[in-house]
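The file data-v4.txt comes next; it holds compact mmCIF, C-alpha atoms.
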# COMPACT_ATOMS: atom_id res chain seq x y z
CA MET P 1 -12.37 -0.85 -14.17
CA THR P 2 -9.86 -3.51 -15.24
CA GLY P 3 -7.46 -2.36 -17.96
CA LEU P 4 -6.40 -5.00 -20.46
CA MET P 5 -2.74 -4.24 -19.83
CA SER P 6 -2.97 -4.21 -16.04
CA GLU P 7 -0.34 -6.20 -14.20
CA ILE P 8 -0.48 -6.20 -10.44
CA GLU P 9 2.07 -8.49 -8.85
CA ILE P 10 1.61 -9.33 -5.19
CA THR P 11 4.52 -10.79 -3.22
CA ILE P 12 3.99 -11.88 0.35
CA ASP P 13 7.36 -12.62 1.90
CA SER P 14 7.57 -16.24 3.05
CA ARG P 15 8.36 -15.27 6.65
CA VAL P 16 5.09 -13.29 6.96
CA ARG P 17 2.73 -15.57 4.98
CA ASP P 18 1.28 -17.24 8.06
CA GLN P 19 1.01 -13.86 9.76
CA VAL P 20 -0.97 -12.47 6.81
CA ARG P 21 -3.19 -15.58 6.62
CA GLY P 22 -3.84 -15.30 10.34
CA HIS P 23 -5.58 -11.96 9.79
CA SER P 24 -8.10 -13.29 7.29
CA SER P 25 -11.65 -13.77 8.42
CA GLU P 26 -14.93 -14.52 6.69
CA GLU P 27 -15.95 -10.88 6.97
CA ARG P 28 -12.59 -9.38 5.93
CA PRO P 29 -10.23 -11.72 4.07
CA LEU P 30 -6.67 -10.66 3.50
CA GLY P 31 -4.91 -12.10 0.50
CA ARG P 32 -3.79 -11.41 -3.02
CA ALA P 33 -7.30 -10.72 -4.36
CA GLU P 34 -8.04 -8.15 -1.64
CA ILE P 35 -4.67 -6.44 -2.08
CA GLU P 36 -5.17 -6.28 -5.85
CA ALA P 37 -8.68 -4.86 -5.38
CA ALA P 38 -7.27 -2.17 -3.06
CA VAL P 39 -4.63 -1.21 -5.65
CA ARG P 40 -7.24 -0.99 -8.40
CA ALA P 41 -9.66 1.07 -6.27
CA ALA P 42 -6.96 3.59 -5.31
CA ALA P 43 -5.59 3.80 -8.85
CA ALA P 44 -9.09 4.47 -10.17
CA VAL P 45 -9.41 7.44 -7.77
CA GLY P 46 -6.44 8.89 -9.65
CA ASN P 47 -8.06 8.07 -13.01
CA CYS P 48 -5.62 5.22 -13.65
CA THR P 49 -7.08 1.96 -14.89
CA ASP P 50 -3.93 0.52 -16.47
CA CYS P 51 -1.77 -0.54 -13.52
CA ARG P 52 1.71 -2.00 -13.56
CA ILE P 53 2.27 -2.20 -9.85
CA GLY P 54 4.17 -4.56 -7.61
CA VAL P 55 3.17 -4.91 -3.96
CA ARG P 56 5.42 -6.57 -1.41
CA VAL P 57 4.07 -7.45 2.03
CA THR P 58 6.90 -7.81 4.51
CA ASP P 59 7.90 -7.25 8.13
CA ASP P 60 9.26 -4.24 10.04
CA ALA P 61 12.89 -5.41 9.82
CA THR P 62 12.77 -5.61 6.02
CA ILE P 63 10.87 -2.35 5.47
CA HIS P 64 13.31 -0.66 7.89
CA GLU P 65 16.22 -1.85 5.75
CA ILE P 66 14.54 -0.67 2.53
CA ASN P 67 13.65 2.69 4.12
CA ARG P 68 17.25 3.15 5.26
CA ASP P 69 18.89 2.00 2.02
CA PHE P 70 16.66 3.82 -0.46
CA LEU P 71 15.30 6.82 1.45
CA GLN P 72 17.96 7.32 4.15
CA HIS P 73 15.30 7.03 6.90
CA ASP P 74 16.61 4.80 9.67
CA TYR P 75 13.30 3.42 11.00
CA PRO P 76 10.53 1.03 9.99
CA THR P 77 7.41 2.52 8.43
CA ASP P 78 3.97 1.44 7.24
CA VAL P 79 4.33 1.83 3.47
CA ILE P 80 6.96 2.92 0.96
CA SER P 81 6.00 3.90 -2.59
CA PHE P 82 8.40 3.80 -5.51
CA PRO P 83 6.76 5.65 -8.42
CA TYR P 84 8.18 4.83 -11.85
CA GLU P 85 5.77 6.31 -14.35
CA LEU P 86 2.46 8.14 -14.28
CA GLN P 87 0.63 8.95 -17.50
CA PRO P 88 -3.07 8.45 -16.76
CA PRO P 89 -4.69 6.11 -17.36
CA MET P 90 -1.36 4.25 -16.88
CA VAL P 91 0.56 4.06 -13.61
CA GLU P 92 3.70 2.07 -12.85
CA GLY P 93 5.44 1.62 -9.53
CA GLU P 94 6.09 -0.53 -6.51
CA LEU P 95 4.86 -0.61 -2.93
CA VAL P 96 6.30 -2.19 0.18
CA VAL P 97 3.97 -2.57 3.19
CA SER P 98 4.62 -3.86 6.69
CA ILE P 99 2.30 -6.40 8.31
CA ASP P 100 4.09 -5.80 11.64
CA THR P 101 3.23 -2.09 11.60
CA ALA P 102 -0.35 -2.95 10.63
CA GLU P 103 -0.57 -5.27 13.63
CA ASN P 104 0.78 -2.55 15.92
CA GLU P 105 -1.49 0.22 14.61
CA ALA P 106 -4.81 -1.52 13.85
CA ALA P 107 -6.22 -1.46 17.38
CA ASP P 108 -5.50 2.27 17.75
CA ALA P 109 -7.31 2.86 14.45
CA GLY P 110 -10.27 0.83 15.71
CA TRP P 111 -10.32 -1.80 12.99
CA SER P 112 -8.78 -5.07 11.86
CA VAL P 113 -5.19 -5.70 10.84
CA ALA P 114 -6.51 -6.58 7.36
CA GLN P 115 -8.18 -3.16 7.06
CA GLU P 116 -5.04 -1.41 8.29
CA LEU P 117 -2.80 -3.23 5.81
CA LEU P 118 -5.22 -2.53 2.94
CA LEU P 119 -5.19 1.15 3.94
CA TYR P 120 -1.40 1.10 3.53
CA VAL P 121 -1.81 -0.40 0.06
CA ILE P 122 -4.38 2.27 -0.84
CA HIS P 123 -2.26 5.08 0.61
CA GLY P 124 0.83 3.90 -1.25
CA THR P 125 -1.06 3.52 -4.52
CA LEU P 126 -2.47 7.03 -4.13
CA HIS P 127 1.11 8.29 -3.90
CA LEU P 128 1.85 6.45 -7.16
CA VAL P 129 -1.06 8.19 -8.90
CA GLY P 130 0.04 11.65 -7.77
CA PHE P 131 -1.46 12.30 -4.34
CA ASP P 132 0.77 13.75 -1.66
CA ASP P 133 0.47 14.42 2.05
CA THR P 134 3.22 16.91 2.81
CA ASP P 135 1.02 19.75 4.06
CA ASP P 136 -2.42 20.19 5.61
CA GLU P 137 -4.27 20.70 2.33
CA SER P 138 -2.66 17.75 0.55
CA ARG P 139 -3.21 15.55 3.65
CA LYS P 140 -6.90 16.47 3.55
CA GLU P 141 -7.07 15.52 -0.15
CA MET P 142 -5.22 12.26 0.59
CA ARG P 143 -7.68 11.33 3.40
CA GLU P 144 -10.63 12.02 1.09
CA ALA P 145 -9.07 9.89 -1.67
CA GLU P 146 -8.46 7.10 0.87
CA ARG P 147 -12.11 7.21 1.94
CA LYS P 148 -13.21 7.08 -1.68
CA ALA P 149 -10.94 4.10 -2.42
CA LEU P 150 -12.19 2.34 0.72
CA GLY P 151 -15.70 2.74 -0.63
CA GLY P 152 -16.84 5.31 1.88
Structure re-expressed in structure tokens:
Amino acid sequence: MTGLMSEIEITIDSRVRDQVRGHSSEERPLGRAEIEAAVRAAAAVGNCTDCRIGVRVTDDATIHEINRDFLQHDYPTDVISFPYELQPPMVEGELVVSIDTAENEAADAGWSVAQELLLYVIHGTLHLVGFDDTDDESRKEMREAERKALGG
């Protein structure tokens, strides 16, 4: 599944590094390797094996600022996708995900913060490879693609 030209850059903001590390466990680690694997799994669902994707893990304050400045949405969110190019099997773009939102939402979802954050990475990557969730039908397709990328 690994394309020779794949470049997946993971940035974990310094102020959330300990927070991210604190959600690793033997059964479900959370780190660069797991984030990269989530990107690759979601990209593969969209038939993209050549990934040029940057992922930034940050906090609610930072994602709120990015959401406001780039999308004119004045609130924090779970994930923001910036698609640059999509020509399967190649995809290029950037993701920003919030560890704070993952912490706030994980219990309601019934799973770990690591799983919640990786879902955001998968969801954002699926947007980069052409999935949408603006209506009931596309949301259904997105949920199915998320399940597939999660291995279920």
Which is closer to Cys48 (chain P) than all the others in P:Val121, P:Met142, P:Ala114, P:Val91, using only C-alpha atoms?
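Residue with the minimum atom-to-atom distance to Cys48 (chain P): P:Val91.
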If I take CA of Phe131 (chain P) and CA of Leu71 (chain P), how far is one from the other in Å, to one decimal?
18.6 Å
For CA of Ala149 (chain P) and CA of Leu95 (chain P), determine how far apart the two atoms are, in Å to one decimal place.
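CA of Ala149 (chain P) sits 16.5 Å away from CA of Leu95 (chain P).
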Taking all atoms listed in the file into account, name the residue in P:Arg40, P:His64, P:Arg139, P:His23 that is nearest to Met90 (chain P).
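Comparing P:Arg40, P:His64, P:Arg139, P:His23 against Met90 (chain P), the winner is P:Arg40.
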Rank P:Ile63, P:Val129, P:Ile53, P:Ile10 by their smallest atom-to-atom distance to Glu34 (chain P), using only C-alpha atoms, and report the top residue only.
P:Ile10
Nearest to Pro83 (chain P): which of P:Ala44, P:Ala33, P:Cys51, P:Ile66 is it, counting only C-alpha atoms?
P:Cys51
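Near Ile80 (chain P), within 9 Å and counting all atoms listed in the file, sit P:Ile63, P:Ile66, P:Asn67, P:Thr77, P:Glu94, P:Leu95, P:Val96, P:Val97, P:Tyr120, P:Gly124, not including residues fewer than 3 positions from it in the same chain.
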Write to file, as a PDB file, in the frame of the given file, the residues of the selection just made, with C-alpha atoms.
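And here's again-v6.pdb as it stands now:
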ATOM      1  CA  ILE P  63      10.870  -2.350   5.470  1.00  0.00           C
ATOM      2  CA  ILE P  66      14.540  -0.670   2.530  1.00  0.00           C
ATOM      3  CA  ASN P  67      13.650   2.690   4.120  1.00  0.00           C
ATOM      4  CA  THR P  77       7.410   2.520   8.430  1.00  0.00           C
ATOM      5  CA  GLU P  94       6.090  -0.530  -6.510  1.00  0.00           C
ATOM      6  CA  LEU P  95       4.860  -0.610  -2.930  1.00  0.00           C
ATOM      7  CA  VAL P  96       6.300  -2.190   0.180  1.00  0.00           C
ATOM      8  CA  VAL P  97       3.970  -2.570   3.190  1.00  0.00           C
ATOM      9  CA  TYR P 120      -1.400   1.100   3.530  1.00  0.00           C
ATOM     10  CA  GLY P 124       0.830   3.900  -1.250  1.00  0.00           C
TER      11      GLY P 124
END
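We find CA of Ala102 (chain P) and CA of Glu141 (chain P) to be spaced 22.4 Å apart.
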When distances are computed from only C-alpha atoms, which of P:Val113, P:Ile99, P:Leu126, P:Ile35 shows the smallest separation from Leu86 (chain P)?
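Checking each of P:Val113, P:Ile99, P:Leu126, P:Ile35 against Leu86 (chain P), counting only C-alpha atoms, the winner is P:Leu126.
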If we count all atoms listed in the file and set the cut-off at 12 Å, which residues sit around Ser14 (chain P), ignoring sequence neighbours fewer than 6 positions away in its own chain? Please answer as a ChimeraX atom specification.
/P:20-21,56-59
Which residue of P:Asp136, P:Asp60, P:Glu65, P:Glu144 approaches Asn104 (chain P) most closely, using all atoms listed in the file
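Of the candidates, the smallest distance to Asn104 (chain P) is held by P:Asp60.
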Size and centre in Å, one decimal, axis-aligned box, all listed region 147-152 of chain P atoms plus 4 Å per side, as AutoDock Vina command-line options:
--center_x -13.9 --center_y 4.8 --center_z -0.2 --size_x 13.9 --size_y 12.9 --size_z 12.4
With a distance cut-off of 12 Å and all atoms listed in the file, select the neighbouring residues of Pro88 (chain P), excluding the residue or stretch itself and same-chain residues fewer than 5 positions from it, and output the selection as number ranges by chain.
P: 3, 43-52, 128-130
Distance query Lys148 (chain P) at most 9 Å, only C-alpha atoms, self and fewer than 3 positions along chain excluded, as a PyMOL selection string
chain P and resi 41-42+45+143-145+151-152
C-alpha atoms of the current selection, written as a CSV table (one decimal), in the frame of the given file:
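Result file follows (result22.csv):
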chain,number,residue,atom,x,y,z
P,41,ALA,CA,-9.7,1.1,-6.3
P,42,ALA,CA,-7.0,3.6,-5.3
P,45,VAL,CA,-9.4,7.4,-7.8
P,143,ARG,CA,-7.7,11.3,3.4
P,144,GLU,CA,-10.6,12.0,1.1
P,145,ALA,CA,-9.1,9.9,-1.7
P,151,GLY,CA,-15.7,2.7,-0.6
P,152,GLY,CA,-16.8,5.3,1.9
